[in-house]
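File shown: final.txt. Contents: compact mmCIF, C-alpha atoms.
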# COMPACT_ATOMS: atom_id res chain seq x y z
CA MET A 1 77.59 125.46 79.45
CA THR A 2 79.14 122.58 77.51
CA PRO A 3 77.40 120.97 74.55
CA ASP A 4 76.66 117.82 76.54
CA ALA A 5 75.25 119.52 79.63
CA PRO A 6 71.88 117.99 80.55
CA ARG A 7 70.09 121.32 80.06
CA ARG A 8 71.05 121.34 76.37
CA ARG A 9 68.98 118.22 75.68
CA GLY A 10 65.24 118.44 75.19
CA ARG A 11 63.95 117.16 78.52
CA PRO A 12 60.52 115.56 78.78
CA SER A 13 57.90 118.22 78.14
CA LEU A 14 56.33 120.21 80.95
CA ARG A 15 52.77 119.33 80.07
CA SER A 16 52.23 120.30 76.43
CA ALA A 17 53.55 119.87 72.92
CA GLU A 18 55.60 123.06 73.50
CA GLY A 19 58.19 121.03 75.39
CA THR A 20 60.01 119.65 72.39
CA PRO A 21 63.53 120.14 71.08
CA ALA A 22 61.98 122.27 68.32
CA ALA A 23 60.59 124.64 70.94
CA ARG A 24 63.98 124.74 72.64
CA ASP A 25 65.69 125.68 69.36
CA ARG A 26 63.04 128.34 68.72
CA ILE A 27 63.66 129.82 72.18
CA LEU A 28 67.41 129.89 71.64
CA ALA A 29 67.02 131.52 68.21
CA ALA A 30 64.67 134.11 69.74
CA ALA A 31 67.15 134.72 72.57
CA ARG A 32 69.96 135.44 70.11
CA GLU A 33 67.68 137.80 68.18
CA GLU A 34 66.72 139.63 71.36
CA PHE A 35 70.28 139.89 72.71
CA SER A 36 71.38 141.10 69.28
CA ALA A 37 68.63 143.69 68.81
CA ARG A 38 68.26 144.98 72.38
CA GLY A 39 71.50 144.10 74.11
CA TYR A 40 71.98 142.10 77.26
CA ASP A 41 70.47 144.73 79.53
CA LYS A 42 67.08 145.09 77.89
CA THR A 43 66.57 141.42 77.08
CA SER A 44 64.30 139.55 79.49
CA ILE A 45 63.04 135.97 79.77
CA ARG A 46 59.56 137.38 79.18
CA ARG A 47 60.56 139.08 75.90
CA ILE A 48 62.38 135.96 74.71
CA ALA A 49 59.30 133.87 75.45
CA GLN A 50 57.06 136.32 73.59
CA ALA A 51 59.37 136.32 70.56
CA ALA A 52 59.48 132.50 70.54
CA GLY A 53 55.72 132.24 71.05
CA VAL A 54 56.01 130.14 74.20
CA ASP A 55 55.24 130.52 77.89
CA PRO A 56 58.04 132.12 79.98
CA ALA A 57 57.94 128.99 82.18
CA LEU A 58 59.21 126.97 79.24
CA VAL A 59 62.20 129.31 78.82
CA HIS A 60 63.01 128.82 82.50
CA HIS A 61 62.50 125.09 82.10
CA TYR A 62 65.06 124.77 79.30
CA PHE A 63 67.56 127.45 80.22
CA GLY A 64 67.09 128.53 83.82
CA THR A 65 68.17 132.15 84.28
CA LYS A 66 68.83 134.95 81.78
CA ASP A 67 72.57 134.42 82.36
CA GLU A 68 72.21 130.76 81.49
CA ILE A 69 70.37 131.46 78.25
CA PHE A 70 73.03 134.05 77.38
CA ALA A 71 75.69 131.40 78.02
CA ALA A 72 73.83 129.06 75.66
CA ALA A 73 73.76 131.84 73.03
CA VAL A 74 77.53 132.38 73.43
CA ASP A 75 78.09 128.65 73.21
CA LEU A 76 76.06 128.34 70.01
CA SER A 77 77.56 131.49 68.46
CA LEU A 78 81.13 130.35 69.01
CA ALA A 79 80.54 126.65 68.42
CA LEU A 80 82.12 126.70 64.94
CA PRO A 81 85.55 128.12 65.82
CA ALA A 82 85.56 126.18 69.09
CA LYS A 83 85.07 123.00 67.08
CA GLU A 84 87.38 123.67 64.13
CA LEU A 85 90.26 125.53 65.71
CA PRO A 86 91.99 122.68 67.57
CA ALA A 87 92.23 120.61 64.37
CA LEU A 88 93.74 123.59 62.50
CA LEU A 89 96.39 123.90 65.16
CA ALA A 90 97.06 120.17 65.36
CA ASP A 91 98.07 120.23 61.68
CA GLY A 92 101.39 121.67 62.84
CA PRO A 93 103.08 125.05 62.89
CA ASP A 94 103.61 125.50 59.14
CA GLY A 95 101.01 127.94 57.87
CA VAL A 96 99.01 127.90 61.10
CA GLY A 97 98.70 131.71 61.05
CA GLU A 98 97.09 131.62 57.63
CA ARG A 99 94.74 128.75 58.52
CA VAL A 100 93.55 130.51 61.69
CA ALA A 101 93.14 133.85 59.88
CA ARG A 102 91.11 132.20 57.10
CA LEU A 103 88.84 130.34 59.55
CA PHE A 104 88.05 133.54 61.47
CA LEU A 105 87.58 135.73 58.41
CA GLY A 106 85.25 133.13 56.90
CA PHE A 107 83.29 133.05 60.14
CA TRP A 108 82.94 136.85 60.21
CA GLU A 109 82.25 137.13 56.47
CA ASP A 110 79.16 134.92 56.74
CA PRO A 111 76.26 137.07 58.01
CA ARG A 112 74.62 134.00 59.57
CA THR A 113 77.54 133.48 61.94
CA ARG A 114 78.56 137.15 62.20
CA GLY A 115 75.25 138.47 63.57
CA PRO A 116 75.05 136.20 66.60
CA VAL A 117 78.72 136.57 67.53
CA LEU A 118 78.51 140.35 67.18
CA ALA A 119 75.56 140.29 69.56
CA VAL A 120 77.50 138.41 72.23
CA VAL A 121 80.65 140.51 71.74
CA ARG A 122 78.65 143.74 72.07
CA SER A 123 76.95 142.47 75.20
CA ALA A 124 80.29 141.36 76.66
CA LEU A 125 81.81 144.78 76.03
CA THR A 126 79.02 146.61 77.80
CA HIS A 127 77.76 144.38 80.64
CA GLU A 128 79.79 142.71 83.35
CA ALA A 129 77.64 139.61 83.67
CA ALA A 130 77.81 139.04 79.92
CA ARG A 131 81.56 139.70 79.96
CA ASP A 132 82.15 137.09 82.64
CA ILE A 133 80.13 134.50 80.75
CA MET A 134 81.92 135.18 77.49
CA ARG A 135 85.36 135.29 79.13
CA SER A 136 84.76 131.93 80.74
CA PHE A 137 83.63 130.38 77.45
CA VAL A 138 86.48 131.87 75.42
CA THR A 139 89.09 130.84 77.96
CA ARG A 140 87.87 127.28 78.27
CA ASN A 141 86.86 126.53 74.70
CA LEU A 142 89.22 128.64 72.62
CA LEU A 143 92.29 129.93 74.42
CA GLU A 144 93.08 126.81 76.46
CA ARG A 145 92.61 124.59 73.42
CA ILE A 146 94.86 126.78 71.30
CA ALA A 147 97.45 127.02 74.07
CA ALA A 148 97.53 123.23 74.40
CA GLN A 149 98.79 123.05 70.79
CA VAL A 150 101.41 125.82 71.00
CA PRO A 151 104.80 124.25 71.75
CA VAL A 152 106.56 127.49 72.78
CA PRO A 153 106.70 129.37 76.12
CA ALA A 154 103.71 131.46 77.30
CA PRO A 155 101.16 129.66 75.07
CA THR A 156 98.07 131.29 76.59
CA LEU A 157 99.48 134.80 76.24
CA ARG A 158 100.33 133.96 72.62
CA ALA A 159 96.80 132.71 71.98
CA GLU A 160 95.43 135.94 73.44
CA LEU A 161 97.70 138.09 71.29
CA ALA A 162 96.53 136.22 68.19
CA ALA A 163 92.93 136.66 69.35
CA SER A 164 93.54 140.37 69.92
CA GLN A 165 94.61 140.85 66.29
CA LEU A 166 91.55 138.99 65.03
CA ILE A 167 89.02 140.72 67.30
CA GLY A 168 90.60 144.09 66.43
CA VAL A 169 90.14 143.47 62.71
CA ALA A 170 86.56 142.37 63.37
CA MET A 171 85.81 145.54 65.35
CA LEU A 172 87.23 147.91 62.72
CA ARG A 173 85.94 146.02 59.67
CA TYR A 174 82.50 144.79 60.75
CA VAL A 175 81.48 147.09 63.61
CA LEU A 176 83.07 150.50 63.03
CA GLU A 177 83.20 149.76 59.26
CA LEU A 178 86.29 151.86 58.67
CA GLU A 179 87.28 152.20 55.03
CA PRO A 180 89.23 150.86 53.19
CA LEU A 181 89.44 147.97 55.70
CA ALA A 182 85.68 147.32 55.60
CA SER A 183 85.70 146.78 51.82
CA ALA A 184 89.09 145.09 51.48
CA ASP A 185 89.16 141.64 49.91
CA PRO A 186 89.09 138.99 52.67
CA GLU A 187 92.14 137.32 51.12
CA THR A 188 94.06 140.60 51.41
CA ILE A 189 93.32 140.63 55.13
CA VAL A 190 94.23 136.96 55.52
CA ALA A 191 97.55 137.56 53.74
CA THR A 192 98.26 140.62 55.87
CA VAL A 193 97.45 139.30 59.36
CA ALA A 194 98.61 135.68 58.81
CA PRO A 195 102.30 136.52 59.48
CA THR A 196 101.26 138.32 62.69
CA LEU A 197 99.39 135.26 63.96
CA GLN A 198 102.17 132.96 62.79
CA ARG A 199 104.71 134.98 64.77
CA TYR A 200 102.61 135.14 67.95
CA LEU A 201 101.78 131.43 67.87
CA THR A 202 105.06 129.90 66.79
CA ASP A 203 108.08 132.24 67.04
CA PRO A 204 110.02 131.48 70.24
CA GLU A 205 111.42 135.05 70.18
CA ALA A 206 108.05 136.77 69.73
CA VAL A 207 107.06 136.85 73.41
CA PRO A 208 109.65 137.89 76.05
CA ALA A 209 110.36 135.30 78.73
CA THR A 210 108.85 137.63 81.36
CA GLY A 211 105.53 137.26 79.62
CA ALA A 212 105.36 133.54 80.39
CA MET B 1 84.54 168.83 66.08
CA THR B 2 88.07 170.13 65.76
CA PRO B 3 89.91 171.70 68.70
CA ASP B 4 89.56 175.16 67.22
CA ALA B 5 85.84 174.97 66.39
CA PRO B 6 84.02 178.01 67.82
CA ARG B 7 81.81 175.84 70.03
CA ARG B 8 84.88 174.75 72.05
CA ARG B 9 85.44 178.28 73.30
CA GLY B 10 83.45 179.62 76.25
CA ARG B 11 80.97 181.90 74.57
CA PRO B 12 79.49 184.90 76.41
CA SER B 13 77.23 183.72 79.20
CA LEU B 14 73.50 183.26 78.78
CA ARG B 15 72.50 185.48 81.66
CA SER B 16 74.21 184.15 84.78
CA ALA B 17 77.58 183.21 86.28
CA GLU B 18 76.89 179.61 85.10
CA GLY B 19 77.90 180.62 81.60
CA THR B 20 81.65 180.43 82.11
CA PRO B 21 84.34 178.19 80.70
CA ALA B 22 84.42 176.47 84.13
CA ALA B 23 80.76 175.52 83.73
CA ARG B 24 81.48 174.28 80.22
CA ASP B 25 84.28 172.04 81.50
CA ARG B 26 82.02 170.77 84.28
CA ILE B 27 79.33 169.90 81.74
CA LEU B 28 81.80 168.06 79.53
CA ALA B 29 83.21 166.12 82.51
CA ALA B 30 79.67 165.21 83.56
CA ALA B 31 78.86 164.15 80.01
CA ARG B 32 81.83 161.77 79.90
CA GLU B 33 80.81 160.33 83.27
CA GLU B 34 77.25 159.80 82.09
CA PHE B 35 78.22 158.28 78.73
CA SER B 36 80.67 156.03 80.59
CA ALA B 37 78.28 154.90 83.32
CA ARG B 38 75.02 154.67 81.33
CA GLY B 39 76.06 154.32 77.73
CA TYR B 40 75.07 156.50 74.81
CA ASP B 41 71.46 155.32 74.79
CA LYS B 42 70.49 156.19 78.33
CA THR B 43 72.41 159.46 78.53
CA SER B 44 70.29 162.59 78.05
CA ILE B 45 70.98 166.32 78.05
CA ARG B 46 68.78 166.52 81.14
CA ARG B 47 70.85 163.94 83.06
CA ILE B 48 74.11 165.61 82.04
CA ALA B 49 72.77 168.97 83.24
CA GLN B 50 71.70 167.42 86.55
CA ALA B 51 75.10 165.81 87.08
CA ALA B 52 76.88 169.08 86.28
CA GLY B 53 74.51 171.10 88.48
CA VAL B 54 73.43 173.41 85.66
CA ASP B 55 70.28 174.17 83.70
CA PRO B 56 69.71 171.95 80.62
CA ALA B 57 69.55 175.15 78.55
CA LEU B 58 73.21 175.76 79.34
CA VAL B 59 74.15 172.33 78.02
CA HIS B 60 72.29 173.12 74.80
CA HIS B 61 73.97 176.54 74.72
CA TYR B 62 77.50 175.13 74.83
CA PHE B 63 77.07 171.85 72.97
CA GLY B 64 73.83 171.84 71.00
CA THR B 65 72.51 168.28 70.63
CA LYS B 66 73.34 165.06 72.45
CA ASP B 67 75.31 163.95 69.37
CA GLU B 68 77.34 167.14 69.51
CA ILE B 69 78.21 166.72 73.19
CA PHE B 70 79.16 163.10 72.45
CA ALA B 71 81.43 164.35 69.65
CA ALA B 72 83.05 166.76 72.14
CA ALA B 73 83.59 163.84 74.55
CA VAL B 74 85.21 161.76 71.77
CA ASP B 75 87.35 164.74 70.83
CA LEU B 76 88.53 165.28 74.39
CA SER B 77 89.03 161.54 75.05
CA LEU B 78 91.20 161.07 71.97
CA ALA B 79 92.93 164.44 72.07
CA LEU B 80 96.19 163.03 73.42
CA PRO B 81 96.91 160.42 70.71
CA ALA B 82 95.53 162.76 68.05
CA LYS B 83 98.06 165.36 69.17
CA GLU B 84 101.12 163.17 69.76
CA LEU B 85 100.82 160.56 67.05
CA PRO B 86 101.80 162.61 64.01
CA ALA B 87 105.07 163.70 65.65
CA LEU B 88 105.89 160.07 66.51
CA LEU B 89 105.43 159.13 62.89
CA ALA B 90 107.36 162.12 61.56
CA ASP B 91 110.43 160.88 63.43
CA GLY B 92 110.88 158.38 60.63
CA PRO B 93 110.29 154.68 60.07
CA ASP B 94 112.99 153.30 62.41
CA GLY B 95 111.30 152.10 65.58
CA VAL B 96 107.95 153.66 64.70
CA GLY B 97 106.10 150.46 65.69
CA GLU B 98 107.58 150.59 69.17
CA ARG B 99 106.89 154.33 69.61
CA VAL B 100 103.26 153.95 68.57
CA ALA B 101 102.77 150.86 70.76
CA ARG B 102 104.26 152.66 73.78
CA LEU B 103 102.11 155.77 73.27
CA PHE B 104 98.92 153.72 73.09
CA LEU B 105 99.77 151.41 75.99
CA GLY B 106 100.64 154.42 78.16
CA PHE B 107 97.35 156.02 77.22
CA TRP B 108 95.38 152.88 78.15
CA GLU B 109 97.42 152.19 81.30
CA ASP B 110 96.47 155.55 82.81
CA PRO B 111 92.98 155.23 84.33
CA ARG B 112 92.35 158.96 83.76
CA THR B 113 92.64 158.55 80.01
CA ARG B 114 91.39 154.95 79.84
CA GLY B 115 87.97 155.54 81.41
CA PRO B 116 86.78 158.21 79.00
CA VAL B 117 88.07 156.43 75.89
CA LEU B 118 86.50 153.17 77.02
CA ALA B 119 83.21 155.00 77.36
CA VAL B 120 83.31 156.30 73.80
CA VAL B 121 84.52 152.97 72.39
CA ARG B 122 81.71 151.09 74.17
CA SER B 123 79.15 153.58 72.91
CA ALA B 124 80.55 153.36 69.38
CA LEU B 125 80.32 149.56 69.42
CA THR B 126 76.70 149.56 70.50
CA HIS B 127 75.00 152.61 68.95
CA GLU B 128 75.03 153.71 65.32
CA ALA B 129 74.97 157.45 65.98
CA ALA B 130 77.91 157.12 68.38
CA ARG B 131 79.72 154.88 65.89
CA ASP B 132 79.36 157.42 63.09
CA ILE B 133 80.69 160.21 65.29
CA MET B 134 83.67 158.18 66.47
CA ARG B 135 84.43 156.86 62.97
CA SER B 136 84.48 160.39 61.61
CA PHE B 137 86.81 161.59 64.37
CA VAL B 138 89.17 158.61 64.12
CA THR B 139 89.36 158.84 60.34
CA ARG B 140 90.04 162.57 60.25
CA ASN B 141 92.26 162.96 63.32
CA LEU B 142 94.11 159.66 63.56
CA LEU B 143 94.02 157.52 60.44
CA GLU B 144 94.47 160.27 57.86
CA ARG B 145 97.29 161.83 59.87
CA ILE B 146 99.05 158.49 60.22
CA ALA B 147 98.51 157.67 56.56
CA ALA B 148 100.03 161.01 55.53
CA GLN B 149 103.30 159.90 57.13
CA VAL B 150 103.40 156.36 55.73
CA PRO B 151 105.53 156.33 52.56
CA VAL B 152 104.38 152.95 51.23
CA PRO B 153 101.33 151.89 49.19
CA ALA B 154 97.88 151.64 50.85
CA PRO B 155 98.74 153.92 53.80
CA THR B 156 95.21 154.17 55.20
CA LEU B 157 94.69 150.41 55.15
CA ARG B 158 98.04 150.05 56.93
CA ALA B 159 97.03 152.60 59.57
CA GLU B 160 93.79 150.67 60.12
CA LEU B 161 95.62 147.36 60.48
CA ALA B 162 97.91 148.92 63.10
CA ALA B 163 94.87 150.38 64.85
CA SER B 164 93.15 146.98 64.74
CA GLN B 165 96.05 145.36 66.64
CA LEU B 166 96.00 148.10 69.27
CA ILE B 167 92.23 148.17 69.75
CA GLY B 168 92.22 144.35 69.95
CA VAL B 169 94.80 144.38 72.74
CA ALA B 170 92.80 147.07 74.54
CA MET B 171 89.60 145.02 74.27
CA LEU B 172 91.15 141.80 75.60
CA ARG B 173 93.36 143.42 78.25
CA TYR B 174 91.19 146.25 79.62
CA VAL B 175 87.61 145.27 78.79
CA LEU B 176 87.39 141.47 78.77
CA GLU B 177 90.39 141.31 81.16
CA LEU B 178 91.61 137.98 79.84
CA GLU B 179 94.55 136.54 81.78
CA PRO B 180 97.51 136.46 81.46
CA LEU B 181 97.22 139.38 79.00
CA ALA B 182 95.43 141.62 81.52
CA SER B 183 98.29 141.33 84.05
CA ALA B 184 101.22 141.21 81.62
CA ASP B 185 103.88 143.89 82.00
CA PRO B 186 103.12 146.77 79.58
CA GLU B 187 106.67 146.56 78.23
CA THR B 188 106.10 142.90 77.35
CA ILE B 189 103.11 143.93 75.28
CA VAL B 190 105.00 146.80 73.65
CA ALA B 191 107.84 144.46 72.74
CA THR B 192 105.41 141.89 71.35
CA VAL B 193 103.15 144.08 69.22
CA ALA B 194 105.79 146.61 68.08
CA PRO B 195 107.07 144.35 65.24
CA THR B 196 103.46 143.88 64.09
CA LEU B 197 102.89 147.64 63.87
CA GLN B 198 106.31 148.17 62.32
CA ARG B 199 105.49 145.66 59.61
CA TYR B 200 102.03 147.09 58.84
CA LEU B 201 103.26 150.68 58.75
CA THR B 202 106.59 150.32 56.93
CA ASP B 203 107.07 146.98 55.15
CA PRO B 204 106.32 147.41 51.42
CA GLU B 205 105.54 143.67 51.22
CA ALA B 206 103.15 143.59 54.19
CA VAL B 207 100.03 144.67 52.31
CA PRO B 208 99.22 143.15 48.90
CA ALA B 209 98.91 145.62 46.04
CA THR B 210 95.21 144.71 45.67
CA GLY B 211 94.62 146.18 49.12
CA ALA B 212 95.68 149.66 47.97

Please, can you express the file's structure as structure tokens?
Amino acid sequence: MTPDAPRRRGRPSLRSAEGTPAARDRILAAAREEFSARGYDKTSIRRIAQAAGVDPALVHHYFGTKDEIFAAAVDLSLALPAKELPALLADGPDGVGERVARLFLGFWEDPRTRGPVLAVVRSALTHEAARDIMRSFVTRNLLERIAAQVPVPAPTLRAELAASQLIGVAMLRYVLELEPLASADPETIVATVAPTLQRYLTDPEAVPATGA
Amino acid sequence: MTPDAPRRRGRPSLRSAEGTPAARDRILAAAREEFSARGYDKTSIRRIAQAAGVDPALVHHYFGTKDEIFAAAVDLSLALPAKELPALLADGPDGVGERVARLFLGFWEDPRTRGPVLAVVRSALTHEAARDIMRSFVTRNLLERIAAQVPVPAPTLRAELAASQLIGVAMLRYVLELEPLASADPETIVATVAPTLQRYLTDPEAVPATGA
């Protein structure tokens, strides 16, 4: 679901004051809470409606199916990197690894952005429907945008390799909480992984031609 | 649970032919299937016993609690890298990144070893009890053994950074199945990530002193 899809706007209300953009935001916040606390499997439209204090019909009205509200949660959770990343890359190859590493670490360091994205990552790792939704979003809004800025062969594979390093750090540091990685200074991690990202994204020799 | 813990041996039977090492292996195989198919949360001693065709008392007899049978599944699933990795590292720093990358890719490429480890990784990412069990195993049997062979400052942090790259590739290639990474030739991936691992594990400059 893209930010300008009609469903994202507050449509005229059903028949009560519930049908306002504020209610829509409350539903989406409740959905992220529910997906985060219970996982994709155990979250239902009914539970989301209860948590938001609205009628289930209003959840259907704004978001349609459970998959669609999950897609909206993914969209919202990854909106920040999806928005900022292309500009970081457009600034040219010098230091791009460090800029990307710092953006992602900052995103994961902030509990307000970490919680929701952890919820969608966990759901995507454990449920096929959630995985397909997240894969589609990540491909369209992150990987393809990164690849468009990478002026070396196999740009999408390079973007995925960079993403693999970042998601791996996130898993070990924020989910498994392995020490000393979990307590390391964020700048230490930025300094350590930046050359890896720089190599994947810009070094013509980094990815064999067969990987194109 | 270490490979030589008493519980791993077939103890004398309870009172029937069920109580044999073959029954124990069947229970453990059933446990991995159940954890894989249902996740940590929904797997119970009773379901494992049903799937193995034995009495729940026999499951308790061999493995104790659900956490203990999960620990045995982690142990079994990660036995191969836990066994082979230290020797790879002991062969010295030259080419260690490539050897480690090839061992892990081979492990993930083989569906017989991939399925069980995916099951424990998924459980660890979604349930705290499973996470604590896996973290303890990984720290004791992988990270500390790697770190013992790394002759540069901050060896454990370096081992974790190498692990983060490998787990990230596994997540994007085998779980999220992002293309083109999911279909890339394994040797392409080995060639691409080997310098990353080599740098983390052997380059004195790779990790800032503050990360020690």

Which residues come within 7 Å of region 25-40 of chain B, counting only C-alpha atoms, excluding same-chain residues fewer than 2 positions away, as a list in words? Pro21, Ala22, Ala23, Lys42, Thr43, Ile48, Ala49, Ala51, Ala52, Val59, Ala73, Pro116, Ala119 and Ser123 of chain B

For the residues selected in the previous step, produce a file with C-alpha atoms as a PDB file, keeping the file's coordinate frame.
ATOM      1  CA  PRO B  21      84.340 178.190  80.700  1.00  0.00           C
ATOM      2  CA  ALA B  22      84.420 176.470  84.130  1.00  0.00           C
ATOM      3  CA  ALA B  23      80.760 175.520  83.730  1.00  0.00           C
ATOM      4  CA  LYS B  42      70.490 156.190  78.330  1.00  0.00           C
ATOM      5  CA  THR B  43      72.410 159.460  78.530  1.00  0.00           C
ATOM      6  CA  ILE B  48      74.110 165.610  82.040  1.00  0.00           C
ATOM      7  CA  ALA B  49      72.770 168.970  83.240  1.00  0.00           C
ATOM      8  CA  ALA B  51      75.100 165.810  87.080  1.00  0.00           C
ATOM      9  CA  ALA B  52      76.880 169.080  86.280  1.00  0.00           C
ATOM     10  CA  VAL B  59      74.150 172.330  78.020  1.00  0.00           C
ATOM     11  CA  ALA B  73      83.590 163.840  74.550  1.00  0.00           C
ATOM     12  CA  PRO B 116      86.780 158.210  79.000  1.00  0.00           C
ATOM     13  CA  ALA B 119      83.210 155.000  77.360  1.00  0.00           C
ATOM     14  CA  SER B 123      79.150 153.580  72.910  1.00  0.00           C
TER      15      SER B 123
END

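Proximity to chain A was assessed for B:Val190, B:Leu105, B:Ile69, B:Ala148 counting all atoms listed in the file; the smallest distance is recorded for B:Val190.
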
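CA of Gln50 (chain B) sits 16.0 Å away from CA of Thr65 (chain B).
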
How far is it from CA of Arg140 (chain A) to CA of Trp108 (chain B), in Å with one decimal?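 It comes out at 26.7 Å.
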
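Proximity to region 126-131 of chain B at 10 Å, evaluated using all atoms listed in the file and with sequence-adjacent residues fewer than 5 positions away removed, yields Arg38, Gly39, Leu118, Ala119, Val121, Arg122, Ser123, Leu125, Thr126, Val175, Leu176 and Glu177 of chain A; Gly39, Tyr40, Asp41, Asp67, Phe70, Ala71, Val74, Val120, Val121, Ser136 and Phe137 of chain B.
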
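CA of Tyr200 (chain A) lies 6.2 Å from CA of Ala162 (chain A).
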
All residues 10 Å or closer to Pro93 (chain B), all atoms listed in the file, same chain fewer than 6 positions away omitted, as a list in words: Gln149, Val150, Pro151, Gln198, Leu201, Thr202 and Asp203 of chain B

Give me the residues of chain B that have any atom at most 6 Å from an atom of chain A; for each, the nearest atom pair and the distance in Å, rounded to one decimal. Use only C-alpha atoms, sort by chain and number, and format it as a Markdown table.
| residue | atom | partner | partner_atom | distance |
| --- | --- | --- | --- | --- |
| B:Leu157 | CA | A:Leu181 | CA | 5.8 |
| B:Ser164 | CA | A:Gly168 | CA | 4.2 |
| B:Gln165 | CA | A:Gln165 | CA | 4.7 |
| B:Ile167 | CA | A:Gly168 | CA | 5.5 |
| B:Gly168 | CA | A:Gly168 | CA | 3.9 |
| B:Val169 | CA | A:Ser164 | CA | 5.1 |
| B:Pro180 | CA | A:Leu157 | CA | 5.8 |
| B:Leu181 | CA | A:Leu157 | CA | 5.8 |
| B:Thr192 | CA | A:Val207 | CA | 5.7 |
| B:Ala206 | CA | A:Thr192 | CA | 6.0 |
| B:Val207 | CA | A:Thr192 | CA | 5.7 |

Leu89 (chain A): which residues within 10 Å, counting all atoms listed in the file, same-chain residues fewer than 2 positions away excluded, as a ChimeraX atom specification? /A:84-87,91-97,99-100,145-150,201

Could you write region 194-206 of chain B of the block just shown to a file containing N, CA and C atoms, as a PDB file, in the first residue's frame?
ATOM      1  N   ALA B 194      32.992 -13.374   2.052  1.00  0.00           N
ATOM      2  CA  ALA B 194      34.257 -13.829   2.657  1.00  0.00           C
ATOM      3  C   ALA B 194      35.154 -12.661   3.091  1.00  0.00           C
ATOM      4  N   PRO B 195      35.342 -11.625   2.230  1.00  0.00           N
ATOM      5  CA  PRO B 195      36.198 -10.507   2.683  1.00  0.00           C
ATOM      6  C   PRO B 195      35.632  -9.789   3.900  1.00  0.00           C
ATOM      7  N   THR B 196      34.295  -9.755   4.014  1.00  0.00           N
ATOM      8  CA  THR B 196      33.678  -9.132   5.194  1.00  0.00           C
ATOM      9  C   THR B 196      34.055  -9.908   6.455  1.00  0.00           C
ATOM     10  N   LEU B 197      33.902 -11.231   6.405  1.00  0.00           N
ATOM     11  CA  LEU B 197      34.229 -12.065   7.568  1.00  0.00           C
ATOM     12  C   LEU B 197      35.729 -11.986   7.874  1.00  0.00           C
ATOM     13  N   GLN B 198      36.521 -12.029   6.804  1.00  0.00           N
ATOM     14  CA  GLN B 198      37.972 -11.964   6.966  1.00  0.00           C
ATOM     15  C   GLN B 198      38.356 -10.684   7.726  1.00  0.00           C
ATOM     16  N   ARG B 199      37.728  -9.587   7.316  1.00  0.00           N
ATOM     17  CA  ARG B 199      38.051  -8.305   7.942  1.00  0.00           C
ATOM     18  C   ARG B 199      37.622  -8.298   9.417  1.00  0.00           C
ATOM     19  N   TYR B 200      36.395  -8.727   9.695  1.00  0.00           N
ATOM     20  CA  TYR B 200      35.921  -8.731  11.083  1.00  0.00           C
ATOM     21  C   TYR B 200      36.794  -9.620  11.972  1.00  0.00           C
ATOM     22  N   LEU B 201      37.192 -10.775  11.440  1.00  0.00           N
ATOM     23  CA  LEU B 201      37.872 -11.765  12.290  1.00  0.00           C
ATOM     24  C   LEU B 201      39.375 -11.534  12.423  1.00  0.00           C
ATOM     25  N   THR B 202      39.982 -10.833  11.442  1.00  0.00           N
ATOM     26  CA  THR B 202      41.453 -10.773  11.468  1.00  0.00           C
ATOM     27  C   THR B 202      42.064  -9.381  11.378  1.00  0.00           C
ATOM     28  N   ASP B 203      41.330  -8.391  10.894  1.00  0.00           N
ATOM     29  CA  ASP B 203      41.932  -7.072  10.680  1.00  0.00           C
ATOM     30  C   ASP B 203      41.990  -6.291  11.991  1.00  0.00           C
ATOM     31  N   PRO B 204      43.192  -5.997  12.493  1.00  0.00           N
ATOM     32  CA  PRO B 204      43.301  -5.275  13.778  1.00  0.00           C
ATOM     33  C   PRO B 204      42.587  -3.928  13.751  1.00  0.00           C
ATOM     34  N   GLU B 205      42.473  -3.330  12.551  1.00  0.00           N
ATOM     35  CA  GLU B 205      41.844  -2.006  12.437  1.00  0.00           C
ATOM     36  C   GLU B 205      40.328  -2.076  12.321  1.00  0.00           C
ATOM     37  N   ALA B 206      39.769  -3.268  12.105  1.00  0.00           N
ATOM     38  CA  ALA B 206      38.343  -3.365  11.759  1.00  0.00           C
ATOM     39  C   ALA B 206      37.425  -2.938  12.894  1.00  0.00           C
TER      40      ALA B 206
END
